[in-house]
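Raw query35.txt, compact mmCIF, C-alpha atoms:
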```txt
# COMPACT_ATOMS: atom_id res chain seq x y z
CA MET H 1 16.44 -0.70 4.67
CA THR H 2 19.01 -3.44 4.32
CA GLU H 3 19.69 -4.58 0.80
CA PRO H 4 20.72 -8.16 1.48
CA GLN H 5 20.36 -9.52 -2.01
CA ARG H 6 21.63 -6.76 -4.24
CA PRO H 7 23.27 -8.66 -7.08
CA PRO H 8 26.51 -7.78 -8.89
CA GLY H 9 25.80 -5.36 -11.71
CA ALA H 10 22.91 -3.58 -9.93
CA ARG H 11 22.94 0.11 -10.84
CA ASP H 12 21.54 3.13 -9.01
CA VAL H 13 19.71 4.95 -11.79
CA PHE H 14 18.25 7.70 -9.58
CA ARG H 15 19.10 9.00 -6.13
CA GLY H 16 16.64 11.61 -4.93
CA ARG H 17 15.92 13.29 -1.64
CA LEU H 18 13.01 10.88 -0.94
CA VAL H 19 13.38 7.80 -3.14
CA SER H 20 16.09 6.06 -5.10
CA VAL H 21 15.77 3.56 -7.92
CA GLU H 22 17.95 0.52 -8.50
CA VAL H 23 18.02 -1.56 -11.68
CA TRP H 24 19.13 -5.19 -11.57
CA PRO H 25 20.45 -6.38 -14.91
CA GLU H 26 20.02 -10.15 -15.18
CA ARG H 27 16.97 -11.16 -13.22
CA TYR H 28 15.68 -7.79 -14.43
CA ARG H 29 14.17 -5.68 -11.66
CA GLU H 30 13.41 -2.03 -11.07
CA ILE H 31 13.43 -1.49 -7.31
CA VAL H 32 12.32 1.72 -5.60
CA ARG H 33 13.92 2.40 -2.20
CA HIS H 34 12.08 4.57 0.32
CA PRO H 35 13.01 5.44 3.94
CA GLY H 36 9.71 4.08 5.31
CA SER H 37 6.65 5.74 6.75
CA CYS H 38 4.80 6.08 10.03
CA ALA H 39 1.07 6.61 10.48
CA ALA H 40 -1.45 6.66 13.31
CA VAL H 41 -5.15 6.17 13.83
CA ALA H 42 -5.80 9.18 16.10
CA LEU H 43 -8.71 8.59 18.48
CA GLU H 44 -10.57 10.89 20.83
CA GLY H 45 -13.26 8.91 22.60
CA GLY H 46 -15.42 7.37 19.89
CA ASP H 47 -14.13 9.71 17.15
CA VAL H 48 -11.18 9.50 14.79
CA LEU H 49 -9.31 12.54 13.46
CA MET H 50 -8.29 12.24 9.83
CA VAL H 51 -6.79 14.69 7.36
CA ARG H 52 -7.71 15.64 3.80
CA GLN H 53 -5.00 16.98 1.53
CA LEU H 54 -4.00 17.16 -2.11
CA ARG H 55 -1.78 14.26 -3.11
CA ASP H 56 0.15 15.45 -6.14
CA ALA H 57 1.14 11.93 -7.23
CA VAL H 58 -2.52 11.06 -7.87
CA GLY H 59 -3.91 14.56 -8.46
CA GLU H 60 -6.66 14.17 -5.85
CA ARG H 61 -7.51 15.36 -2.38
CA LEU H 62 -7.52 12.20 -0.25
CA LEU H 63 -8.82 11.44 3.22
CA GLU H 64 -6.07 9.72 5.21
CA ILE H 65 -4.89 9.02 8.73
CA PRO H 66 -2.02 11.30 9.84
CA ALA H 67 1.24 9.98 8.40
CA GLY H 68 4.69 10.94 7.26
CA THR H 69 8.02 9.81 5.94
CA ARG H 70 10.66 8.50 8.36
CA ASP H 71 13.08 11.20 7.35
CA VAL H 72 14.29 12.35 10.80
CA GLU H 73 17.63 10.67 11.57
CA GLY H 74 17.44 8.52 14.71
CA GLU H 75 13.71 9.04 15.36
CA ASP H 76 11.87 5.84 16.27
CA PRO H 77 8.63 5.12 14.39
CA ALA H 78 6.30 5.68 17.38
CA SER H 79 7.77 9.17 17.92
CA CYS H 80 7.49 9.82 14.19
CA ALA H 81 3.81 8.84 14.24
CA ALA H 82 3.06 10.97 17.33
CA ARG H 83 4.85 13.95 15.76
CA GLU H 84 2.88 13.59 12.53
CA VAL H 85 -0.42 13.46 14.44
CA THR H 86 0.45 16.72 16.19
CA GLU H 87 1.74 18.46 13.05
CA GLU H 88 -1.25 17.44 10.95
CA THR H 89 -4.09 17.81 13.47
CA GLY H 90 -2.62 20.32 15.95
CA ARG H 91 -3.48 17.93 18.79
CA ARG H 92 -1.19 16.39 21.40
CA VAL H 93 -0.91 12.64 21.83
CA ALA H 94 -1.61 11.22 25.32
CA SER H 95 -0.54 7.63 24.51
CA ILE H 96 0.46 5.62 21.51
CA GLU H 97 0.71 1.87 20.90
CA PRO H 98 1.72 -0.24 17.90
CA LEU H 99 -0.98 -1.61 15.59
CA GLY H 100 1.36 -3.45 13.23
CA TRP H 101 3.28 -2.73 10.08
CA MET H 102 2.93 -3.42 6.38
CA TYR H 103 4.77 -3.20 3.09
CA ALA H 104 2.98 -0.71 0.81
CA SER H 105 3.80 -2.47 -2.49
CA PRO H 106 6.49 -5.11 -2.02
CA GLY H 107 6.61 -6.21 -5.67
CA PHE H 108 8.96 -3.31 -6.46
CA LEU H 109 9.03 -0.93 -3.45
CA ASP H 110 10.71 -1.46 -0.07
CA GLU H 111 8.53 1.07 1.81
CA ARG H 112 7.55 -0.24 5.23
CA VAL H 113 4.67 1.57 6.97
CA ASP H 114 4.59 1.40 10.78
CA LEU H 115 1.05 1.85 12.09
CA TYR H 116 0.04 3.09 15.53
CA LEU H 117 -3.05 3.72 17.57
CA ALA H 118 -2.85 7.15 19.25
CA ASP H 119 -5.12 8.52 21.96
CA LEU H 120 -5.34 12.30 21.88
CA GLU H 121 -5.18 14.62 24.86
CA PRO H 122 -8.33 16.69 25.36
CA GLY H 123 -8.05 20.13 23.82
CA GLU H 124 -8.27 22.17 20.68
CA GLY H 125 -5.77 22.55 17.90
CA ALA H 126 -5.12 23.46 14.31
CA PRO H 127 -2.71 21.84 11.86
CA SER H 128 0.68 23.49 11.48
CA GLU H 129 0.87 22.45 7.82
CA GLU H 130 -0.85 24.46 5.10
CA GLY H 131 -3.47 22.88 2.87
CA ILE H 132 -4.47 20.22 5.40
CA GLU H 133 -8.10 19.96 6.46
CA VAL H 134 -8.78 18.04 9.69
CA VAL H 135 -11.84 15.78 9.45
CA ARG H 136 -13.42 14.37 12.59
CA LEU H 137 -15.58 11.29 12.19
CA PRO H 138 -17.28 8.77 14.44
CA PHE H 139 -14.99 5.72 14.34
CA ALA H 140 -17.84 3.52 13.06
CA GLU H 141 -18.26 5.92 10.10
CA ALA H 142 -14.54 5.64 9.29
CA VAL H 143 -14.90 1.84 9.27
CA ARG H 144 -17.85 2.15 6.90
CA MET H 145 -15.84 4.47 4.61
CA ALA H 146 -12.84 2.11 4.67
CA THR H 147 -14.94 -0.88 3.64
CA SER H 148 -17.05 1.01 1.07
CA GLY H 149 -14.04 2.43 -0.80
CA GLU H 150 -14.58 6.05 0.24
CA ILE H 151 -11.13 5.90 1.82
CA ARG H 152 -8.66 5.06 -0.96
CA ASP H 153 -5.33 5.19 0.84
CA ALA H 154 -4.06 1.70 1.69
CA LYS H 155 -2.37 2.53 5.02
CA SER H 156 -5.53 4.33 6.20
CA VAL H 157 -7.78 1.39 5.27
CA VAL H 158 -5.41 -1.05 7.01
CA GLY H 159 -5.03 1.15 10.11
CA ILE H 160 -8.77 1.62 10.52
CA LEU H 161 -9.63 -2.04 9.93
CA LEU H 162 -6.88 -3.25 12.30
CA THR H 163 -8.22 -0.88 14.95
CA ALA H 164 -11.75 -2.19 14.37
CA ALA H 165 -10.50 -5.80 14.66
CA ARG H 166 -8.73 -4.98 17.91
CA ARG H 167 -11.87 -3.42 19.35
CA GLY H 168 -13.95 -6.36 18.19
CA ALA H 169 -16.01 -3.99 16.03
CA MET S 1 -2.55 7.33 -15.17
CA THR S 2 -3.41 10.85 -16.18
CA GLU S 3 -0.98 13.51 -15.01
CA PRO S 4 -3.37 16.43 -14.66
CA GLN S 5 -1.23 18.69 -12.56
CA ARG S 6 2.24 18.23 -13.93
CA PRO S 7 3.78 21.66 -13.51
CA PRO S 8 6.09 23.49 -15.92
CA GLY S 9 9.69 22.44 -15.30
CA ALA S 10 8.84 18.86 -14.24
CA ARG S 11 11.57 16.49 -15.42
CA ASP S 12 11.48 12.76 -16.13
CA VAL S 13 14.59 11.57 -14.32
CA PHE S 14 14.05 7.86 -14.99
CA ARG S 15 11.91 5.96 -17.48
CA GLY S 16 12.05 2.21 -16.91
CA ARG S 17 10.09 -0.76 -18.18
CA LEU S 18 7.94 -0.78 -15.02
CA VAL S 19 8.17 2.60 -13.28
CA SER S 20 9.19 6.10 -14.14
CA VAL S 21 10.19 8.95 -11.83
CA GLU S 22 9.28 12.59 -12.24
CA VAL S 23 10.87 15.46 -10.30
CA TRP S 24 8.94 18.71 -9.80
CA PRO S 25 11.26 21.64 -9.23
CA GLU S 26 9.45 24.35 -7.26
CA ARG S 27 6.94 22.68 -4.99
CA TYR S 28 9.60 19.98 -4.82
CA ARG S 29 8.25 16.48 -5.42
CA GLU S 30 9.61 13.11 -6.46
CA ILE S 31 6.74 11.20 -8.05
CA VAL S 32 6.90 7.55 -9.02
CA ARG S 33 4.58 6.51 -11.86
CA HIS S 34 3.42 2.89 -12.11
CA PRO S 35 0.93 1.29 -14.56
CA GLY S 36 -1.28 -0.01 -11.72
CA SER S 37 -1.93 -3.47 -10.35
CA CYS S 38 -4.70 -6.04 -10.12
CA ALA S 39 -5.18 -8.59 -7.35
CA ALA S 40 -7.79 -11.12 -6.28
CA VAL S 41 -8.87 -12.93 -3.15
CA ALA S 42 -9.24 -16.43 -4.63
CA LEU S 43 -11.87 -18.51 -2.83
CA GLU S 44 -12.79 -22.15 -3.02
CA GLY S 45 -15.60 -22.82 -0.61
CA GLY S 46 -14.39 -21.73 2.81
CA ASP S 47 -10.70 -21.67 1.77
CA VAL S 48 -8.54 -19.00 0.21
CA LEU S 49 -5.61 -19.72 -2.11
CA MET S 50 -2.62 -17.49 -1.54
CA VAL S 51 0.93 -17.52 -2.90
CA ARG S 52 4.30 -17.28 -1.23
CA GLN S 53 7.22 -15.90 -3.23
CA LEU S 54 10.49 -14.03 -2.84
CA ARG S 55 10.02 -10.28 -3.16
CA ASP S 56 13.39 -8.91 -4.19
CA ALA S 57 12.53 -5.34 -3.19
CA VAL S 58 12.24 -6.37 0.47
CA GLY S 59 14.45 -9.49 0.43
CA GLU S 60 11.77 -11.72 1.96
CA ARG S 61 9.38 -14.46 0.94
CA LEU S 62 5.92 -12.97 1.47
CA LEU S 63 2.47 -14.50 1.62
CA GLU S 64 0.16 -12.56 -0.71
CA ILE S 65 -3.04 -12.84 -2.68
CA PRO S 66 -2.46 -13.46 -6.43
CA ALA S 67 -1.62 -10.16 -8.12
CA GLY S 68 0.19 -8.59 -11.01
CA THR S 69 1.05 -5.44 -12.87
CA ARG S 70 -1.41 -4.02 -15.41
CA ASP S 71 1.12 -4.35 -18.20
CA VAL S 72 -1.02 -5.94 -20.91
CA GLU S 73 -2.23 -3.23 -23.30
CA GLY S 74 -6.03 -3.00 -23.41
CA GLU S 75 -6.67 -5.63 -20.72
CA ASP S 76 -9.34 -4.61 -18.19
CA PRO S 77 -8.49 -5.04 -14.49
CA ALA S 78 -10.93 -7.92 -13.86
CA SER S 79 -9.36 -9.94 -16.70
CA CYS S 80 -5.92 -9.04 -15.38
CA ALA S 81 -6.85 -10.31 -11.91
CA ALA S 82 -8.40 -13.54 -13.26
CA ARG S 83 -5.30 -14.16 -15.41
CA GLU S 84 -2.99 -13.65 -12.43
CA VAL S 85 -5.02 -16.07 -10.30
CA THR S 86 -4.66 -18.74 -12.99
CA GLU S 87 -0.96 -18.08 -13.64
CA GLU S 88 -0.05 -18.07 -9.95
CA THR S 89 -2.27 -20.86 -8.63
CA GLY S 90 -2.88 -22.95 -11.78
CA ARG S 91 -6.61 -22.78 -11.10
CA ARG S 92 -9.38 -21.47 -13.33
CA VAL S 93 -11.71 -18.72 -12.22
CA ALA S 94 -15.46 -19.44 -12.30
CA SER S 95 -16.59 -15.90 -11.46
CA ILE S 96 -15.04 -12.64 -10.42
CA GLU S 97 -16.48 -9.48 -8.89
CA PRO S 98 -14.98 -6.15 -7.79
CA LEU S 99 -14.06 -5.63 -4.13
CA GLY S 100 -12.81 -2.07 -4.52
CA TRP S 101 -9.57 -0.32 -5.29
CA MET S 102 -6.88 1.52 -3.37
CA TYR S 103 -3.81 3.67 -3.81
CA ALA S 104 -0.75 1.79 -2.51
CA SER S 105 1.18 4.86 -1.29
CA PRO S 106 -0.36 8.07 -2.65
CA GLY S 107 2.14 10.43 -1.00
CA PHE S 108 4.59 9.83 -3.86
CA LEU S 109 3.34 6.89 -5.96
CA ASP S 110 0.40 6.81 -8.39
CA GLU S 111 -0.06 3.01 -8.25
CA ARG S 112 -3.74 2.06 -8.14
CA VAL S 113 -4.54 -1.51 -7.08
CA ASP S 114 -7.83 -2.97 -8.30
CA LEU S 115 -9.05 -5.71 -5.98
CA TYR S 116 -11.40 -8.57 -6.87
CA LEU S 117 -13.11 -11.50 -5.28
CA ALA S 118 -12.66 -14.63 -7.44
CA ASP S 119 -14.45 -17.94 -7.07
CA LEU S 120 -12.39 -20.83 -8.38
CA GLU S 121 -13.65 -23.69 -10.53
CA PRO S 122 -13.29 -27.10 -8.90
CA GLY S 123 -10.14 -28.90 -9.97
CA GLU S 124 -6.43 -29.27 -9.47
CA GLY S 125 -3.65 -27.09 -10.74
CA ALA S 126 -0.09 -25.96 -10.36
CA PRO S 127 1.36 -22.48 -10.85
CA SER S 128 2.92 -21.76 -14.23
CA GLU S 129 5.45 -19.40 -12.65
CA GLU S 130 8.64 -20.68 -11.03
CA GLY S 131 9.39 -20.01 -7.38
CA ILE S 132 5.75 -19.59 -6.38
CA GLU S 133 4.35 -21.77 -3.61
CA VAL S 134 0.56 -22.01 -3.41
CA VAL S 135 -0.78 -21.86 0.16
CA ARG S 136 -4.32 -22.93 0.91
CA LEU S 137 -5.86 -21.63 4.13
CA PRO S 138 -9.27 -21.56 5.78
CA PHE S 139 -10.56 -18.04 5.11
CA ALA S 140 -10.94 -17.39 8.86
CA GLU S 141 -7.24 -18.21 9.32
CA ALA S 142 -6.32 -15.70 6.59
CA VAL S 143 -8.36 -13.05 8.44
CA ARG S 144 -6.50 -13.89 11.64
CA MET S 145 -3.15 -13.62 9.84
CA ALA S 146 -4.13 -10.30 8.24
CA THR S 147 -5.08 -8.76 11.60
CA SER S 148 -2.13 -10.25 13.54
CA GLY S 149 0.51 -8.96 11.11
CA GLU S 150 1.52 -12.35 9.71
CA ILE S 151 0.45 -11.05 6.31
CA ARG S 152 2.61 -7.98 5.59
CA ASP S 153 1.51 -7.03 2.09
CA ALA S 154 -0.95 -4.10 2.12
CA LYS S 155 -3.12 -5.18 -0.84
CA SER S 156 -3.49 -8.67 0.67
CA VAL S 157 -4.51 -7.30 4.08
CA VAL S 158 -7.01 -4.94 2.45
CA GLY S 159 -8.40 -7.63 0.11
CA ILE S 160 -8.89 -10.14 2.92
CA LEU S 161 -10.44 -7.64 5.35
CA LEU S 162 -12.79 -6.23 2.67
CA THR S 163 -13.89 -9.78 1.86
CA ALA S 164 -14.47 -10.44 5.58
CA ALA S 165 -16.50 -7.21 5.88
CA ARG S 166 -18.61 -8.19 2.89
CA ARG S 167 -19.30 -11.61 4.39
CA GLY S 168 -20.13 -10.04 7.72
CA ALA S 169 -17.26 -12.02 9.27
```

Mind turning the file's structure into structure tokens?
Amino acid sequence: MTEPQRPPGARDVFRGRLVSVEVWPERYREIVRHPGSCAAVALEGGDVLMVRQLRDAVGERLLEIPAGTRDVEGEDPASCAAREVTEETGRRVASIEPLGWMYASPGFLDERVDLYLADLEPGEGAPSEEGIEVVRLPFAEAVRMATSGEIRDAKSVVGILLTAARRGA
Amino acid sequence: MTEPQRPPGARDVFRGRLVSVEVWPERYREIVRHPGSCAAVALEGGDVLMVRQLRDAVGERLLEIPAGTRDVEGEDPASCAAREVTEETGRRVASIEPLGWMYASPGFLDERVDLYLADLEPGEGAPSEEGIEVVRLPFAEAVRMATSGEIRDAKSVVGILLTAARRGA
């Protein structure tokens, strides 16, 4: 991300492999920098393929759309999203189109999440990542779970509801 | 937040006023801890009151629903959301009800955002915080902006689309 307004005196207090943290001294701010994420609503006919996995940050297994960090140098977000769909569901992507993008928590975090709608090729597959359970749902059931709070992950709720809006559901 | 699964060897690499960062050594993780947020879709008849303000983390002025950090000891999230509506719009809240809650970015961040639907009392008001512009929109226009990508903030998109789902819009 660009850092257009970094003031004099700003200090990098942590530089990790994933995130870094910047502290601004006068107009006091703690700002978390993240490389950005990609995610896709993966459709096969009237069904959506989601994944359930342990999220250590919250200590829960969450149901989410396939997603990942934009940590491959030079990879565009659509390719990132298609790659994550294949890694997490074991299924190949036939076509992918942009749904939009969002800031996850812009009050202190610069993470931008690029969202896509992916159509899967017919076939079978298994995730290449351990600890990931693939969950197949009728799309209408995913919409119900997004609006009822059974899906807790913000990017998944946004992706599913933007897809529903686009379909006029 | 509870930290139920903090493994031996986890280190606090930063402890700020707002966030802290934990590094797990073996199953390597960088985890950002945040006190949580509250936010409300503030309605007056068929209109919604939103706020536009500079978000330093992303270097842009963003249109969002009123929101804040849960940084007042002992304050429940509904009171937090009602207080933020009044501070940011200058308007009093007549009633408030839960819409749901979400994790902003559970891959590395424990921030939970509690979302409410607030009905405003009739009246006039001005924000008590500097640099905040209050934007009044027909609710249907806010839904259009949330689905078209003109609203970029995840909690605002989720809050508006959950409100629309509840109204059967």

When you get a sec, could you note down which chain S residues fall within 8 Å of chain H, using all atoms listed in the file, as a PyMOL selection string? chain S and resi 3-5+13-14+16-19+30-33+55-59+100-110+147-149+152-155+157-158+161-162+165

Excluding Asp47 in chain S and residues on its chain fewer than 3 positions from it, collect all residues at most 6 Å away from it, counting all atoms listed in the file, and give them as a CSV table (one decimal) with C-alpha atoms, in the frame of the given file.
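Listed below is the output, around_26.csv:
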```csv
chain,number,residue,atom,x,y,z
S,43,LEU,CA,-11.9,-18.5,-2.8
S,44,GLU,CA,-12.8,-22.2,-3.0
S,137,LEU,CA,-5.9,-21.6,4.1
S,138,PRO,CA,-9.3,-21.6,5.8
S,139,PHE,CA,-10.6,-18.0,5.1
```

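For Ala10 in chain S, the set of protein, DNA and RNA residues having any atom at most 6 Å away, when counting only C-alpha atoms and skipping those fewer than 2 positions along the same chain, is S:Pro7, S:Pro8, S:Val23, S:Trp24.
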
Residue selection dump (C-alpha atoms) as a PDB file, in the frame of the given file:
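Saved the output as result07.pdb:
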```pdb
ATOM      1  CA  PRO S   7       3.780  21.660 -13.510  1.00  0.00           C
ATOM      2  CA  PRO S   8       6.090  23.490 -15.920  1.00  0.00           C
ATOM      3  CA  VAL S  23      10.870  15.460 -10.300  1.00  0.00           C
ATOM      4  CA  TRP S  24       8.940  18.710  -9.800  1.00  0.00           C
TER       5      TRP S  24
END
```

Determine, counting all atoms listed in the file, which protein, DNA and RNA residues have an atom within 9 Å of an atom of Glu133 in chain S; residues of the same chain fewer than 5 positions away are not included. Present the result as a list in words.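 The residues satisfying every condition are Met50, Val51, Arg52, Gln53, Glu88, Thr89 and Pro127 of chain S.
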
Superimposed copy of chain S on chain H by least squares over C-alpha atoms, as a CSV table (one decimal) with C-alpha atoms, keeping the file's coordinate frame:
```
chain,number,residue,atom,x,y,z
S,1,MET,CA,16.4,-0.7,4.6
S,2,THR,CA,19.0,-3.3,4.3
S,3,GLU,CA,19.7,-4.5,0.8
S,4,PRO,CA,20.7,-8.1,1.5
S,5,GLN,CA,20.4,-9.5,-2.0
S,6,ARG,CA,21.6,-6.7,-4.2
S,7,PRO,CA,23.3,-8.6,-7.1
S,8,PRO,CA,26.5,-7.8,-8.9
S,9,GLY,CA,25.8,-5.3,-11.7
S,10,ALA,CA,22.9,-3.6,-9.9
S,11,ARG,CA,22.9,0.1,-10.8
S,12,ASP,CA,21.5,3.1,-9.0
S,13,VAL,CA,19.7,4.9,-11.8
S,14,PHE,CA,18.2,7.7,-9.6
S,15,ARG,CA,19.1,9.0,-6.1
S,16,GLY,CA,16.6,11.6,-4.9
S,17,ARG,CA,15.9,13.3,-1.6
S,18,LEU,CA,13.0,10.9,-0.9
S,19,VAL,CA,13.4,7.8,-3.1
S,20,SER,CA,16.1,6.1,-5.1
S,21,VAL,CA,15.8,3.5,-7.9
S,22,GLU,CA,17.9,0.5,-8.5
S,23,VAL,CA,18.0,-1.6,-11.7
S,24,TRP,CA,19.1,-5.2,-11.6
S,25,PRO,CA,20.4,-6.4,-14.9
S,26,GLU,CA,20.0,-10.1,-15.2
S,27,ARG,CA,17.0,-11.2,-13.2
S,28,TYR,CA,15.7,-7.8,-14.4
S,29,ARG,CA,14.2,-5.7,-11.7
S,30,GLU,CA,13.4,-2.0,-11.1
S,31,ILE,CA,13.4,-1.5,-7.3
S,32,VAL,CA,12.3,1.7,-5.6
S,33,ARG,CA,13.9,2.4,-2.2
S,34,HIS,CA,12.1,4.6,0.3
S,35,PRO,CA,13.0,5.4,3.9
S,36,GLY,CA,9.7,4.1,5.3
S,37,SER,CA,6.6,5.7,6.8
S,38,CYS,CA,4.8,6.1,10.0
S,39,ALA,CA,1.1,6.6,10.5
S,40,ALA,CA,-1.4,6.7,13.3
S,41,VAL,CA,-5.2,6.2,13.8
S,42,ALA,CA,-5.8,9.2,16.1
S,43,LEU,CA,-8.7,8.6,18.5
S,44,GLU,CA,-10.6,10.9,20.8
S,45,GLY,CA,-13.3,8.9,22.6
S,46,GLY,CA,-15.4,7.4,19.9
S,47,ASP,CA,-14.1,9.7,17.1
S,48,VAL,CA,-11.2,9.5,14.8
S,49,LEU,CA,-9.3,12.5,13.5
S,50,MET,CA,-8.3,12.2,9.8
S,51,VAL,CA,-6.8,14.7,7.4
S,52,ARG,CA,-7.7,15.6,3.8
S,53,GLN,CA,-5.0,17.0,1.5
S,54,LEU,CA,-4.0,17.2,-2.1
S,55,ARG,CA,-1.8,14.3,-3.1
S,56,ASP,CA,0.2,15.4,-6.1
S,57,ALA,CA,1.1,11.9,-7.2
S,58,VAL,CA,-2.5,11.1,-7.9
S,59,GLY,CA,-3.9,14.6,-8.5
S,60,GLU,CA,-6.7,14.2,-5.9
S,61,ARG,CA,-7.5,15.4,-2.4
S,62,LEU,CA,-7.5,12.2,-0.3
S,63,LEU,CA,-8.8,11.4,3.2
S,64,GLU,CA,-6.1,9.7,5.2
S,65,ILE,CA,-4.9,9.0,8.7
S,66,PRO,CA,-2.0,11.3,9.8
S,67,ALA,CA,1.2,10.0,8.4
S,68,GLY,CA,4.7,10.9,7.3
S,69,THR,CA,8.0,9.8,6.0
S,70,ARG,CA,10.7,8.5,8.4
S,71,ASP,CA,13.1,11.2,7.4
S,72,VAL,CA,14.3,12.3,10.8
S,73,GLU,CA,17.6,10.6,11.6
S,74,GLY,CA,17.4,8.5,14.7
S,75,GLU,CA,13.7,9.0,15.4
S,76,ASP,CA,11.9,5.8,16.3
S,77,PRO,CA,8.6,5.1,14.4
S,78,ALA,CA,6.3,5.7,17.4
S,79,SER,CA,7.8,9.2,17.9
S,80,CYS,CA,7.5,9.8,14.2
S,81,ALA,CA,3.8,8.8,14.2
S,82,ALA,CA,3.1,11.0,17.3
S,83,ARG,CA,4.9,13.9,15.7
S,84,GLU,CA,2.9,13.6,12.5
S,85,VAL,CA,-0.4,13.4,14.4
S,86,THR,CA,0.5,16.7,16.2
S,87,GLU,CA,1.7,18.5,13.0
S,88,GLU,CA,-1.3,17.4,10.9
S,89,THR,CA,-4.1,17.8,13.5
S,90,GLY,CA,-2.6,20.3,16.0
S,91,ARG,CA,-3.5,17.9,18.8
S,92,ARG,CA,-1.2,16.4,21.4
S,93,VAL,CA,-0.9,12.6,21.8
S,94,ALA,CA,-1.6,11.2,25.3
S,95,SER,CA,-0.6,7.6,24.5
S,96,ILE,CA,0.5,5.6,21.5
S,97,GLU,CA,0.7,1.9,20.9
S,98,PRO,CA,1.7,-0.2,17.9
S,99,LEU,CA,-1.0,-1.6,15.6
S,100,GLY,CA,1.4,-3.4,13.2
S,101,TRP,CA,3.3,-2.7,10.1
S,102,MET,CA,2.9,-3.4,6.4
S,103,TYR,CA,4.8,-3.2,3.1
S,104,ALA,CA,3.0,-0.7,0.8
S,105,SER,CA,3.8,-2.5,-2.5
S,106,PRO,CA,6.5,-5.1,-2.0
S,107,GLY,CA,6.6,-6.2,-5.7
S,108,PHE,CA,8.9,-3.3,-6.4
S,109,LEU,CA,9.0,-0.9,-3.4
S,110,ASP,CA,10.7,-1.5,-0.1
S,111,GLU,CA,8.5,1.1,1.8
S,112,ARG,CA,7.5,-0.2,5.2
S,113,VAL,CA,4.7,1.6,7.0
S,114,ASP,CA,4.6,1.4,10.8
S,115,LEU,CA,1.0,1.9,12.1
S,116,TYR,CA,0.0,3.1,15.5
S,117,LEU,CA,-3.0,3.7,17.6
S,118,ALA,CA,-2.8,7.2,19.2
S,119,ASP,CA,-5.1,8.5,22.0
S,120,LEU,CA,-5.3,12.3,21.9
S,121,GLU,CA,-5.2,14.6,24.9
S,122,PRO,CA,-8.3,16.7,25.3
S,123,GLY,CA,-8.0,20.1,23.8
S,124,GLU,CA,-8.3,22.2,20.7
S,125,GLY,CA,-5.8,22.6,17.9
S,126,ALA,CA,-5.1,23.5,14.3
S,127,PRO,CA,-2.7,21.8,11.9
S,128,SER,CA,0.7,23.5,11.5
S,129,GLU,CA,0.9,22.4,7.8
S,130,GLU,CA,-0.8,24.4,5.1
S,131,GLY,CA,-3.5,22.9,2.9
S,132,ILE,CA,-4.5,20.2,5.4
S,133,GLU,CA,-8.1,20.0,6.5
S,134,VAL,CA,-8.8,18.0,9.7
S,135,VAL,CA,-11.8,15.8,9.4
S,136,ARG,CA,-13.4,14.4,12.6
S,137,LEU,CA,-15.6,11.3,12.2
S,138,PRO,CA,-17.3,8.8,14.4
S,139,PHE,CA,-15.0,5.7,14.3
S,140,ALA,CA,-17.8,3.5,13.0
S,141,GLU,CA,-18.3,5.9,10.1
S,142,ALA,CA,-14.5,5.6,9.3
S,143,VAL,CA,-14.9,1.8,9.3
S,144,ARG,CA,-17.8,2.2,6.9
S,145,MET,CA,-15.8,4.5,4.6
S,146,ALA,CA,-12.8,2.1,4.7
S,147,THR,CA,-14.9,-0.9,3.6
S,148,SER,CA,-17.1,1.0,1.1
S,149,GLY,CA,-14.1,2.4,-0.8
S,150,GLU,CA,-14.6,6.1,0.2
S,151,ILE,CA,-11.1,5.9,1.8
S,152,ARG,CA,-8.7,5.1,-1.0
S,153,ASP,CA,-5.3,5.2,0.8
S,154,ALA,CA,-4.1,1.7,1.7
S,155,LYS,CA,-2.4,2.5,5.0
S,156,SER,CA,-5.5,4.3,6.2
S,157,VAL,CA,-7.8,1.4,5.3
S,158,VAL,CA,-5.4,-1.0,7.0
S,159,GLY,CA,-5.0,1.2,10.1
S,160,ILE,CA,-8.8,1.6,10.5
S,161,LEU,CA,-9.6,-2.0,9.9
S,162,LEU,CA,-6.9,-3.3,12.3
S,163,THR,CA,-8.2,-0.9,15.0
S,164,ALA,CA,-11.8,-2.2,14.4
S,165,ALA,CA,-10.5,-5.8,14.7
S,166,ARG,CA,-8.7,-5.0,17.9
S,167,ARG,CA,-11.9,-3.4,19.3
S,168,GLY,CA,-13.9,-6.4,18.2
S,169,ALA,CA,-16.0,-4.0,16.0
```

Just the number, please: distance in Å from CA of Asp71 in chain S to CA of Gly123 in chain S, one decimal. 28.2 Å

Kindly write N, CA and C atoms of range 160-165 of chain S from the structure just given to a file, as a compact mmCIF listing (two decimals), in the first residue's frame.
```
# COMPACT_ATOMS: atom_id res chain seq x y z
N ILE S 160 -25.41 -2.31 6.38
CA ILE S 160 -26.47 -1.85 5.46
C ILE S 160 -27.17 -3.05 4.80
N LEU S 161 -26.39 -4.04 4.38
CA LEU S 161 -27.03 -5.18 3.68
C LEU S 161 -27.81 -6.06 4.68
N LEU S 162 -27.36 -6.17 5.93
CA LEU S 162 -28.16 -6.91 6.92
C LEU S 162 -29.46 -6.16 7.22
N THR S 163 -29.39 -4.84 7.27
CA THR S 163 -30.62 -4.06 7.50
C THR S 163 -31.58 -4.25 6.32
N ALA S 164 -31.04 -4.22 5.11
CA ALA S 164 -31.88 -4.42 3.91
C ALA S 164 -32.53 -5.81 3.93
N ALA S 165 -31.75 -6.83 4.33
CA ALA S 165 -32.29 -8.20 4.38
C ALA S 165 -33.41 -8.27 5.41
```
